[in-house]
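These notes concern the structure reproduced below.
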Amino acid sequence: VGGDGLAEDVLIETQDGDFTAIVPNADDDGSPRLEGVVVPGLVNAHSHAFHRLLRGRTHRLGGDFWLWRELMYETAAALTPETYEVMATAVFIEMAMAGVTTVGEFHYVHHQVNGSPYSDHNEMGHALVRAARTAGIRICLLDAGYFTAGFGDTELSPVQQRFRDPSPEDWLERAAEIALAYTGAPDVTTGVAPHSVRAVPPEALRTVARRRDTEAPVHIHVSEQPSENRDCEEATGTTPTGLLDECGLLGATTTLVHATHLTPDDIGLIGGSSSRVCYCATTERDLGDGIGPAAALADSGAQLCVGSDSHAMIDLFEEARGIELHQRLATGSRGLFSPANLLRAATVAGSQSLEFEGGLRPGRPADFIVIDTDSPRLAGFDVGHGLDSVVFAATSADVRDVFVGGRQIVTDGSHSEWARAKWALTGSI
Ligand SMILES: [Zn+2]
């Protein structure tokens, strides 16, 4: 609890979904005991639920990010509102069992395969919210804008048609409608997600900056691959980050996803504007993206969070330590991030990037997890070393109990809906 240390014999009280008291060194008053390390619920700030269907099915083909993307498009083409909901339900339950209490779903499969809208044009978005509710986790639905296949207004390919709205104005109106549908819901927030500077032209980025709800999150993929930077500089004379700055889109409610290939100027712009950066280490290594300058960004003032993105695996401990371990590979130095800072990226900072509140404090939503320190990985756990072994050795398999809004959704590693839901991950839908 708090800082880098752990407190013992902590009494946790909740009421109406929020923490009301957190008291270290409390006397045993006969309340039910949770044995293990309790930390805030994990926050998966960047997810595309349907990418889970690609897990374990793309490795033999070789190739690069762009070939993987073709396979992902084939998977996207098969989704209907019904299959999307059952598949996302299974993915969100997998997340719940991994200790994730909040997901940021970057949602771009919102139209039919031929590009026409569904009769309720937010049908796919509602399916994702229902899936999160069945799993019992909170969701920030980040509705994505997608208009071009590359710089210079290049036409979308047939498989990309279902990602697009007729115009940026239509997209923002559709996003505003789904935001309105969940106003006041404690388990749902919404934001907008211009997909990338490849897919959203500068005029449309300016429209987003002008028309956005200033409190609502904006998420965008930035500089995941070197070719995005090359194409952007050729077309606009600046980097993707420089372009976002010119369009007025950097700031504390903006989260840049990946931020892998950055210049020193980019780092200054991101830190100077207190923008957020979401690293997705397991996806970035899976797709050969490269290693982003996480330590320089944190030093310059950027807040870091994490996401499992393509769901090559869902393990937020691995995402959090991935930030530090990738920096070790890149720099030859250890200890650039403290375990507390890494855990913060996977919890409180993620909540903030999705317009939720996190953390073990009275008044905050009672989202917390219990990590089993008697597991094979954590056996020998020493409370004197604080969070070190939790952050550097725990895996999602060590999450034993999960609470969202004070309600237990995972008990002893099990979720009541998992057996019914998991068939949807066989790829046969
Ligand atoms: Zn992504």
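Residue numbers start at 1 in each chain; chains themselves are named A, B, ... in the order of the structure tokens; ligands are numbered from 1 in the order shown.
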
Show which residues sit within 8 Å of A:Ala132, as a PDB file with N, CA and C atoms, in the first residue's frame. Count only C-alpha atoms, and ignore same-chain residues fewer than 4 positions away.
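The resulting part37.pdb:
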ATOM      1  N   ALA A  88     -15.537 -11.409 -27.590  1.00  0.00           N
ATOM      2  CA  ALA A  88     -15.012 -10.393 -26.664  1.00  0.00           C
ATOM      3  C   ALA A  88     -15.310 -10.772 -25.214  1.00  0.00           C
ATOM      4  N   THR A  89     -16.457 -11.417 -24.993  1.00  0.00           N
ATOM      5  CA  THR A  89     -16.778 -11.868 -23.632  1.00  0.00           C
ATOM      6  C   THR A  89     -15.674 -12.806 -23.131  1.00  0.00           C
ATOM      7  N   PHE A  92     -12.473 -10.813 -22.448  1.00  0.00           N
ATOM      8  CA  PHE A  92     -12.545  -9.986 -21.240  1.00  0.00           C
ATOM      9  C   PHE A  92     -12.561 -10.860 -19.981  1.00  0.00           C
ATOM     10  N   LEU A 128     -19.532  -4.773 -27.442  1.00  0.00           N
ATOM     11  CA  LEU A 128     -18.311  -4.790 -26.616  1.00  0.00           C
ATOM     12  C   LEU A 128     -18.618  -4.416 -25.166  1.00  0.00           C
ATOM     13  N   GLY A 136     -17.671  -8.641 -16.093  1.00  0.00           N
ATOM     14  CA  GLY A 136     -17.658  -7.930 -14.809  1.00  0.00           C
ATOM     15  C   GLY A 136     -16.581  -6.878 -14.689  1.00  0.00           C
ATOM     16  N   ILE A 137     -15.955  -6.516 -15.819  1.00  0.00           N
ATOM     17  CA  ILE A 137     -14.890  -5.500 -15.759  1.00  0.00           C
ATOM     18  C   ILE A 137     -15.393  -4.168 -16.319  1.00  0.00           C
ATOM     19  N   ARG A 138     -14.676  -3.101 -16.009  1.00  0.00           N
ATOM     20  CA  ARG A 138     -15.009  -1.780 -16.542  1.00  0.00           C
ATOM     21  C   ARG A 138     -14.407  -1.640 -17.945  1.00  0.00           C
ATOM     22  N   ILE A 139     -15.050  -0.823 -18.765  1.00  0.00           N
ATOM     23  CA  ILE A 139     -14.543  -0.626 -20.132  1.00  0.00           C
ATOM     24  C   ILE A 139     -14.551   0.854 -20.487  1.00  0.00           C
TER      25      ILE A 139
END

Nearby residues, ligand 1, 10 Å, only C-alpha atoms and all ligand atoms, as a PyMOL selection string: chain A and resi 46-48+51+105-107+195-196+219-222+224+257-258+278+280+283-284+307-311

List as a PDB file with N, CA and C atoms, in the first residue's frame the protein and nucleic acid residues near A:Asp265, meaning an atom at most 10 Å away when only C-alpha atoms are counted, but skip any in the same chain fewer than 5 places from it.
ATOM      1  N   THR A 239       7.299  14.685 -38.191  1.00  0.00           N
ATOM      2  CA  THR A 239       7.089  13.328 -37.676  1.00  0.00           C
ATOM      3  C   THR A 239       5.617  13.157 -37.271  1.00  0.00           C
ATOM      4  N   THR A 241       4.480  12.527 -34.345  1.00  0.00           N
ATOM      5  CA  THR A 241       4.285  13.297 -33.109  1.00  0.00           C
ATOM      6  C   THR A 241       4.252  14.797 -33.408  1.00  0.00           C
ATOM      7  N   GLY A 242       5.143  15.252 -34.289  1.00  0.00           N
ATOM      8  CA  GLY A 242       5.143  16.667 -34.677  1.00  0.00           C
ATOM      9  C   GLY A 242       3.817  17.067 -35.304  1.00  0.00           C
ATOM     10  N   ILE A 270       6.130  15.379 -26.321  1.00  0.00           N
ATOM     11  CA  ILE A 270       5.230  14.492 -25.566  1.00  0.00           C
ATOM     12  C   ILE A 270       5.336  14.796 -24.068  1.00  0.00           C
ATOM     13  N   GLY A 271       6.586  14.866 -23.563  1.00  0.00           N
ATOM     14  CA  GLY A 271       6.770  15.146 -22.137  1.00  0.00           C
ATOM     15  C   GLY A 271       6.306  16.548 -21.775  1.00  0.00           C
TER      16      GLY A 271
END

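Note that DSSP on the backbone gives helix (DSSP H, G or I) to these residues of stretch 329-366 of chain A: Leu329, Ala330, Thr331, Pro339, Ala340, Asn341, Leu342, Leu343, Arg344, Ala345, Val348, Ala349, Gly350, Ser351, Gln352 and Ser353 of chain A.
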
Restricting the output to N, CA, C and O atoms, write the selected residues as a CSV table (one decimal), in the first residue's frame.
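Listing of part-v8.csv after writing:
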chain,number,residue,atom,x,y,z
A,329,LEU,N,17.7,-4.0,-22.3
A,329,LEU,CA,18.3,-4.6,-23.6
A,329,LEU,C,18.8,-3.4,-24.4
A,329,LEU,O,19.9,-3.5,-25.1
A,330,ALA,N,18.1,-2.3,-24.4
A,330,ALA,CA,18.5,-1.2,-25.3
A,330,ALA,C,19.7,-0.4,-24.7
A,330,ALA,O,20.5,0.2,-25.5
A,331,THR,N,19.8,-0.3,-23.4
A,331,THR,CA,20.8,0.6,-22.8
A,331,THR,C,21.9,-0.1,-22.1
A,331,THR,O,23.0,0.5,-21.8
A,339,PRO,N,10.0,-0.8,-9.2
A,339,PRO,CA,8.8,-1.7,-9.3
A,339,PRO,C,7.5,-0.9,-9.0
A,339,PRO,O,6.5,-1.1,-9.7
A,340,ALA,N,7.6,0.1,-8.1
A,340,ALA,CA,6.4,0.8,-7.8
A,340,ALA,C,5.9,1.6,-9.0
A,340,ALA,O,4.7,1.7,-9.3
A,341,ASN,N,6.9,2.2,-9.8
A,341,ASN,CA,6.5,3.0,-11.0
A,341,ASN,C,5.9,2.1,-12.1
A,341,ASN,O,5.0,2.4,-12.8
A,342,LEU,N,6.5,0.9,-12.2
A,342,LEU,CA,6.0,-0.1,-13.2
A,342,LEU,C,4.6,-0.5,-12.8
A,342,LEU,O,3.7,-0.6,-13.7
A,343,LEU,N,4.4,-0.8,-11.5
A,343,LEU,CA,3.0,-1.2,-11.1
A,343,LEU,C,2.0,-0.1,-11.3
A,343,LEU,O,0.9,-0.3,-11.7
A,344,ARG,N,2.5,1.2,-11.1
A,344,ARG,CA,1.6,2.3,-11.3
A,344,ARG,C,1.2,2.4,-12.8
A,344,ARG,O,0.1,2.7,-13.1
A,345,ALA,N,2.2,2.1,-13.7
A,345,ALA,CA,1.8,2.1,-15.1
A,345,ALA,C,0.7,1.1,-15.4
A,345,ALA,O,-0.2,1.4,-16.2
A,348,VAL,N,-2.9,2.6,-11.7
A,348,VAL,CA,-3.5,4.0,-11.6
A,348,VAL,C,-3.3,4.8,-12.8
A,348,VAL,O,-4.2,5.5,-13.3
A,349,ALA,N,-2.1,4.8,-13.4
A,349,ALA,CA,-1.9,5.6,-14.6
A,349,ALA,C,-2.7,5.1,-15.8
A,349,ALA,O,-3.2,5.9,-16.6
A,350,GLY,N,-3.0,3.8,-15.9
A,350,GLY,CA,-3.9,3.3,-16.9
A,350,GLY,C,-5.3,3.8,-16.7
A,350,GLY,O,-6.0,4.2,-17.6
A,351,SER,N,-5.8,3.8,-15.4
A,351,SER,CA,-7.1,4.3,-15.1
A,351,SER,C,-7.2,5.7,-15.6
A,351,SER,O,-8.2,6.1,-16.2
A,352,GLN,N,-6.2,6.5,-15.3
A,352,GLN,CA,-6.3,7.9,-15.6
A,352,GLN,C,-6.4,8.1,-17.2
A,352,GLN,O,-7.0,9.0,-17.6
A,353,SER,N,-5.7,7.3,-17.9
A,353,SER,CA,-5.7,7.4,-19.3
A,353,SER,C,-7.0,7.0,-19.9
A,353,SER,O,-7.3,7.3,-21.1

Counting only C-alpha atoms, the option among A:Ala235, A:Ile409, A:Ala393, A:Val402 closest to A:Glu318: A:Ala393

Residue nearest A:Thr395 - candidates A:Leu79, A:Met97, A:Ala209, A:Val197, atoms counted: only C-alpha atoms: A:Met97

Backbone DSSP call of strand (DSSP E or B) for stretch 81-142 of chain A, listed as a PyMOL selection string: chain A and resi 100-107+138-142

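Checking A:Gly56, A:Arg210, A:Glu173, A:Ala185 one by one against A:Arg133, counting only C-alpha atoms, you find the shortest gap at A:Ala185.
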
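For the residues A:Glu417, A:Asp315, A:Glu13, A:Glu70, ranking by smallest atom-to-atom distance to A:Val399 using only C-alpha atoms places A:Asp315 first.
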
Report as a PDB file with all heavy atoms, in the first residue's frame all protein, DNA and RNA residues lying within 10 Å of A:Leu243, evaluated on only C-alpha atoms, omitting residues in the same chain fewer than 5 positions from it.
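Generated file (selection_38.pdb):
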ATOM      1  N   VAL A 197      -1.840   8.471 -37.720  1.00  0.00           N
ATOM      2  CA  VAL A 197      -1.706   9.538 -38.721  1.00  0.00           C
ATOM      3  C   VAL A 197      -1.735   8.969 -40.136  1.00  0.00           C
ATOM      4  O   VAL A 197      -1.907   9.712 -41.096  1.00  0.00           O
ATOM      5  CB  VAL A 197      -0.423  10.387 -38.505  1.00  0.00           C
ATOM      6  CG1 VAL A 197      -0.490  11.152 -37.192  1.00  0.00           C
ATOM      7  CG2 VAL A 197       0.835   9.527 -38.591  1.00  0.00           C
ATOM      8  N   PRO A 202      -4.625  15.064 -41.692  1.00  0.00           N
ATOM      9  CA  PRO A 202      -4.425  16.181 -40.764  1.00  0.00           C
ATOM     10  C   PRO A 202      -5.681  17.040 -40.549  1.00  0.00           C
ATOM     11  O   PRO A 202      -5.963  17.441 -39.414  1.00  0.00           O
ATOM     12  CB  PRO A 202      -3.309  17.000 -41.421  1.00  0.00           C
ATOM     13  CG  PRO A 202      -2.568  16.024 -42.262  1.00  0.00           C
ATOM     14  CD  PRO A 202      -3.561  15.002 -42.710  1.00  0.00           C
ATOM     15  N   LEU A 205      -7.697  15.349 -38.055  1.00  0.00           N
ATOM     16  CA  LEU A 205      -7.094  15.431 -36.712  1.00  0.00           C
ATOM     17  C   LEU A 205      -7.414  16.787 -36.085  1.00  0.00           C
ATOM     18  O   LEU A 205      -7.692  16.879 -34.888  1.00  0.00           O
ATOM     19  CB  LEU A 205      -5.576  15.224 -36.793  1.00  0.00           C
ATOM     20  CG  LEU A 205      -5.120  13.819 -37.215  1.00  0.00           C
ATOM     21  CD1 LEU A 205      -3.602  13.800 -37.446  1.00  0.00           C
ATOM     22  CD2 LEU A 205      -5.506  12.762 -36.183  1.00  0.00           C
ATOM     23  N   CYS A 232       5.219   9.786 -43.220  1.00  0.00           N
ATOM     24  CA  CYS A 232       4.663  11.013 -42.647  1.00  0.00           C
ATOM     25  C   CYS A 232       5.574  12.201 -42.965  1.00  0.00           C
ATOM     26  O   CYS A 232       5.105  13.265 -43.368  1.00  0.00           O
ATOM     27  CB  CYS A 232       4.502  10.847 -41.137  1.00  0.00           C
ATOM     28  SG  CYS A 232       3.724  12.264 -40.334  1.00  0.00           S
ATOM     29  N   GLU A 233       6.878  11.988 -42.802  1.00  0.00           N
ATOM     30  CA  GLU A 233       7.800  13.106 -43.061  1.00  0.00           C
ATOM     31  C   GLU A 233       7.784  13.502 -44.527  1.00  0.00           C
ATOM     32  O   GLU A 233       7.833  14.680 -44.866  1.00  0.00           O
ATOM     33  CB  GLU A 233       9.206  12.733 -42.579  1.00  0.00           C
ATOM     34  CG  GLU A 233       9.289  12.835 -41.055  1.00  0.00           C
ATOM     35  CD  GLU A 233      10.635  12.414 -40.478  1.00  0.00           C
ATOM     36  OE1 GLU A 233      11.659  12.889 -40.993  1.00  0.00           O
ATOM     37  OE2 GLU A 233      10.637  11.620 -39.530  1.00  0.00           O
ATOM     38  N   THR A 236       4.239  15.309 -44.976  1.00  0.00           N
ATOM     39  CA  THR A 236       3.875  16.497 -44.184  1.00  0.00           C
ATOM     40  C   THR A 236       5.082  17.318 -43.740  1.00  0.00           C
ATOM     41  O   THR A 236       4.905  18.408 -43.193  1.00  0.00           O
ATOM     42  CB  THR A 236       3.101  16.088 -42.899  1.00  0.00           C
ATOM     43  OG1 THR A 236       4.012  15.411 -42.020  1.00  0.00           O
ATOM     44  CG2 THR A 236       1.932  15.178 -43.204  1.00  0.00           C
ATOM     45  N   GLY A 237       6.275  16.768 -43.904  1.00  0.00           N
ATOM     46  CA  GLY A 237       7.477  17.503 -43.483  1.00  0.00           C
ATOM     47  C   GLY A 237       7.752  17.398 -42.001  1.00  0.00           C
ATOM     48  O   GLY A 237       8.669  18.034 -41.488  1.00  0.00           O
ATOM     49  N   THR A 238       6.965  16.591 -41.288  1.00  0.00           N
ATOM     50  CA  THR A 238       7.229  16.433 -39.853  1.00  0.00           C
ATOM     51  C   THR A 238       6.967  14.987 -39.436  1.00  0.00           C
ATOM     52  O   THR A 238       6.477  14.176 -40.231  1.00  0.00           O
ATOM     53  CB  THR A 238       6.377  17.424 -39.021  1.00  0.00           C
ATOM     54  OG1 THR A 238       6.738  17.311 -37.646  1.00  0.00           O
ATOM     55  CG2 THR A 238       4.886  17.162 -39.170  1.00  0.00           C
ATOM     56  N   GLY A 248      -2.869  20.147 -32.633  1.00  0.00           N
ATOM     57  CA  GLY A 248      -3.447  20.470 -31.332  1.00  0.00           C
ATOM     58  C   GLY A 248      -3.940  19.262 -30.554  1.00  0.00           C
ATOM     59  O   GLY A 248      -4.840  19.367 -29.720  1.00  0.00           O
ATOM     60  N   LEU A 249      -3.336  18.096 -30.837  1.00  0.00           N
ATOM     61  CA  LEU A 249      -3.864  16.884 -30.210  1.00  0.00           C
ATOM     62  C   LEU A 249      -3.026  16.348 -29.059  1.00  0.00           C
ATOM     63  O   LEU A 249      -3.385  15.332 -28.459  1.00  0.00           O
ATOM     64  CB  LEU A 249      -4.046  15.794 -31.267  1.00  0.00           C
ATOM     65  CG  LEU A 249      -5.444  15.714 -31.874  1.00  0.00           C
ATOM     66  CD1 LEU A 249      -5.523  14.589 -32.896  1.00  0.00           C
ATOM     67  CD2 LEU A 249      -6.508  15.505 -30.796  1.00  0.00           C
ATOM     68  N   LEU A 250      -1.900  16.977 -28.734  1.00  0.00           N
ATOM     69  CA  LEU A 250      -1.137  16.483 -27.578  1.00  0.00           C
ATOM     70  C   LEU A 250      -1.716  17.082 -26.298  1.00  0.00           C
ATOM     71  O   LEU A 250      -2.339  18.143 -26.321  1.00  0.00           O
ATOM     72  CB  LEU A 250       0.341  16.852 -27.717  1.00  0.00           C
ATOM     73  CG  LEU A 250       1.086  16.196 -28.885  1.00  0.00           C
ATOM     74  CD1 LEU A 250       2.557  16.625 -28.885  1.00  0.00           C
ATOM     75  CD2 LEU A 250       0.989  14.670 -28.831  1.00  0.00           C
ATOM     76  N   ASP A 266      10.458  14.816 -30.624  1.00  0.00           N
ATOM     77  CA  ASP A 266       9.180  14.156 -30.298  1.00  0.00           C
ATOM     78  C   ASP A 266       9.068  13.940 -28.789  1.00  0.00           C
ATOM     79  O   ASP A 266       8.016  14.194 -28.182  1.00  0.00           O
ATOM     80  CB  ASP A 266       9.085  12.775 -30.971  1.00  0.00           C
ATOM     81  CG  ASP A 266       8.964  12.848 -32.485  1.00  0.00           C
ATOM     82  OD1 ASP A 266       8.560  13.900 -32.998  1.00  0.00           O
ATOM     83  OD2 ASP A 266       9.264  11.824 -33.142  1.00  0.00           O
TER      84      ASP A 266
END

Polymer residues at most 12 Å from A:Arg420, only C-alpha atoms, same-chain spacing of 2 or more positions, as a list of chain:residue names: A:Val86, A:Met87, A:Thr89, A:Ala90, A:Ile93, A:Thr134, A:Ala135, A:His415, A:Ser416, A:Glu417, A:Trp418, A:Lys422, A:Trp423, A:Ala424, A:Leu425

Would you save the residues of that selection, restricted to N, CA and C atoms, as a PDB file, in the first residue's frame?
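result.pdb, written as the output of this step:
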ATOM      1  N   VAL A  86     -19.654 -12.623 -28.277  1.00  0.00           N
ATOM      2  CA  VAL A  86     -19.261 -13.838 -27.542  1.00  0.00           C
ATOM      3  C   VAL A  86     -17.743 -13.970 -27.486  1.00  0.00           C
ATOM      4  N   MET A  87     -17.063 -13.568 -28.576  1.00  0.00           N
ATOM      5  CA  MET A  87     -15.609 -13.642 -28.575  1.00  0.00           C
ATOM      6  C   MET A  87     -15.031 -12.645 -27.566  1.00  0.00           C
ATOM      7  N   THR A  89     -16.457 -11.417 -24.993  1.00  0.00           N
ATOM      8  CA  THR A  89     -16.778 -11.868 -23.632  1.00  0.00           C
ATOM      9  C   THR A  89     -15.674 -12.806 -23.131  1.00  0.00           C
ATOM     10  N   ALA A  90     -15.289 -13.766 -23.969  1.00  0.00           N
ATOM     11  CA  ALA A  90     -14.236 -14.711 -23.557  1.00  0.00           C
ATOM     12  C   ALA A  90     -12.925 -13.980 -23.305  1.00  0.00           C
ATOM     13  N   ILE A  93     -13.105 -12.071 -20.083  1.00  0.00           N
ATOM     14  CA  ILE A  93     -13.028 -12.977 -18.927  1.00  0.00           C
ATOM     15  C   ILE A  93     -11.578 -13.441 -18.737  1.00  0.00           C
ATOM     16  N   THR A 134     -20.608  -8.720 -18.977  1.00  0.00           N
ATOM     17  CA  THR A 134     -20.709 -10.149 -18.646  1.00  0.00           C
ATOM     18  C   THR A 134     -19.456 -10.598 -17.897  1.00  0.00           C
ATOM     19  N   ALA A 135     -18.309 -10.083 -18.319  1.00  0.00           N
ATOM     20  CA  ALA A 135     -17.059 -10.432 -17.633  1.00  0.00           C
ATOM     21  C   ALA A 135     -16.970  -9.766 -16.265  1.00  0.00           C
ATOM     22  N   HIS A 415     -13.458 -17.891 -12.909  1.00  0.00           N
ATOM     23  CA  HIS A 415     -14.565 -16.971 -13.231  1.00  0.00           C
ATOM     24  C   HIS A 415     -15.751 -17.838 -13.628  1.00  0.00           C
ATOM     25  N   SER A 416     -16.921 -17.518 -13.080  1.00  0.00           N
ATOM     26  CA  SER A 416     -18.072 -18.416 -13.245  1.00  0.00           C
ATOM     27  C   SER A 416     -18.508 -18.579 -14.706  1.00  0.00           C
ATOM     28  N   GLU A 417     -18.190 -17.631 -15.586  1.00  0.00           N
ATOM     29  CA  GLU A 417     -18.650 -17.705 -16.976  1.00  0.00           C
ATOM     30  C   GLU A 417     -17.611 -18.281 -17.940  1.00  0.00           C
ATOM     31  N   TRP A 418     -16.418 -18.569 -17.450  1.00  0.00           N
ATOM     32  CA  TRP A 418     -15.322 -18.952 -18.357  1.00  0.00           C
ATOM     33  C   TRP A 418     -15.634 -20.226 -19.147  1.00  0.00           C
ATOM     34  N   LYS A 422     -15.420 -19.826 -23.288  1.00  0.00           N
ATOM     35  CA  LYS A 422     -14.111 -19.995 -23.944  1.00  0.00           C
ATOM     36  C   LYS A 422     -14.181 -20.630 -25.329  1.00  0.00           C
ATOM     37  N   TRP A 423     -15.284 -21.360 -25.649  1.00  0.00           N
ATOM     38  CA  TRP A 423     -15.384 -21.976 -26.980  1.00  0.00           C
ATOM     39  C   TRP A 423     -15.211 -20.935 -28.080  1.00  0.00           C
ATOM     40  N   ALA A 424     -15.573 -19.665 -27.785  1.00  0.00           N
ATOM     41  CA  ALA A 424     -15.538 -18.625 -28.816  1.00  0.00           C
ATOM     42  C   ALA A 424     -14.113 -18.298 -29.250  1.00  0.00           C
ATOM     43  N   LEU A 425     -13.110 -18.829 -28.538  1.00  0.00           N
ATOM     44  CA  LEU A 425     -11.721 -18.533 -28.890  1.00  0.00           C
ATOM     45  C   LEU A 425     -11.119 -19.611 -29.809  1.00  0.00           C
TER      46      LEU A 425
END

Using only C-alpha atoms, what does the table of stretch 49-113 of chain A residues within 8 Å of stretch 147-161 of chain A look like, with each row giving the shortest atom pair and its distance in Å to one decimal, sorted by chain and ascending number, as a Markdown table?
| residue | atom | partner | partner_atom | distance |
| --- | --- | --- | --- | --- |
| A:Tyr73 | CA | A:Val159 | CA | 6.3 |
| A:Glu74 | CA | A:Val159 | CA | 7.5 |
| A:Ala77 | CA | A:Val159 | CA | 6.6 |
| A:His111 | CA | A:Gln161 | CA | 7.8 |
| A:Val113 | CA | A:Gln161 | CA | 6.6 |

Generate a file of the selected residues that holds N, CA, C and O atoms, formatted as a PDB file, in the first residue's frame.
ATOM      1  N   TYR A  73      -6.709  -8.544 -40.757  1.00  0.00           N
ATOM      2  CA  TYR A  73      -7.834  -8.054 -41.547  1.00  0.00           C
ATOM      3  C   TYR A  73      -8.789  -9.194 -41.912  1.00  0.00           C
ATOM      4  O   TYR A  73     -10.007  -9.022 -41.917  1.00  0.00           O
ATOM      5  N   GLU A  74      -8.224 -10.381 -42.238  1.00  0.00           N
ATOM      6  CA  GLU A  74      -9.090 -11.527 -42.563  1.00  0.00           C
ATOM      7  C   GLU A  74      -9.966 -11.875 -41.370  1.00  0.00           C
ATOM      8  O   GLU A  74     -11.144 -12.202 -41.517  1.00  0.00           O
ATOM      9  N   ALA A  77     -12.787  -9.393 -40.931  1.00  0.00           N
ATOM     10  CA  ALA A  77     -13.841  -9.503 -41.941  1.00  0.00           C
ATOM     11  C   ALA A  77     -14.920 -10.500 -41.523  1.00  0.00           C
ATOM     12  O   ALA A  77     -16.054 -10.434 -41.991  1.00  0.00           O
ATOM     13  N   HIS A 111     -18.414  -0.982 -38.657  1.00  0.00           N
ATOM     14  CA  HIS A 111     -19.362  -1.036 -39.775  1.00  0.00           C
ATOM     15  C   HIS A 111     -19.455  -2.454 -40.327  1.00  0.00           C
ATOM     16  O   HIS A 111     -18.692  -3.328 -39.949  1.00  0.00           O
ATOM     17  N   VAL A 113     -19.215  -5.408 -43.355  1.00  0.00           N
ATOM     18  CA  VAL A 113     -18.067  -5.736 -44.208  1.00  0.00           C
ATOM     19  C   VAL A 113     -18.020  -4.846 -45.453  1.00  0.00           C
ATOM     20  O   VAL A 113     -16.946  -4.439 -45.898  1.00  0.00           O
TER      21      VAL A 113
END

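Interatomic distance, atom CA of A:Ala302 to atom CA of A:Gly125: 29.6 Å.
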
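Remark: for A:Glu319, the closest of the candidate residues A:Ile12, A:Thr282, A:Thr190, A:Gly292 is A:Thr282 (distances computed over only C-alpha atoms).
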
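Straight-line separation from atom CA of A:Thr254 to atom CA of A:Val218: 4.7 Å.
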
Please provide as a CSV table (one decimal) with N, CA, C and O atoms, in the first residue's frame all residues within 8 Å of A:Ile314, with the sequence filter that same-chain residues fewer than 6 positions apart are discarded (counting only C-alpha atoms).
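As written to disk, out-v7.csv reads:
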chain,number,residue,atom,x,y,z
A,94,GLU,N,-10.9,-13.7,-19.8
A,94,GLU,CA,-9.5,-14.1,-19.7
A,94,GLU,C,-8.7,-12.9,-19.0
A,94,GLU,O,-7.9,-13.1,-18.1
A,95,MET,N,-9.1,-11.7,-19.4
A,95,MET,CA,-8.4,-10.5,-18.7
A,95,MET,C,-8.8,-10.5,-17.2
A,95,MET,O,-7.9,-10.3,-16.4
A,98,ALA,N,-6.8,-12.7,-15.3
A,98,ALA,CA,-5.4,-12.2,-15.2
A,98,ALA,C,-5.3,-10.9,-14.4
A,98,ALA,O,-4.3,-10.3,-14.3
A,308,SER,N,-2.3,-4.8,-23.6
A,308,SER,CA,-1.9,-6.1,-24.2
A,308,SER,C,-2.2,-6.1,-25.7
A,308,SER,O,-2.0,-7.1,-26.4
A,396,SER,N,0.2,-13.7,-14.8
A,396,SER,CA,-1.2,-13.7,-14.6
A,396,SER,C,-1.8,-14.9,-13.9
A,396,SER,O,-2.8,-14.8,-13.2
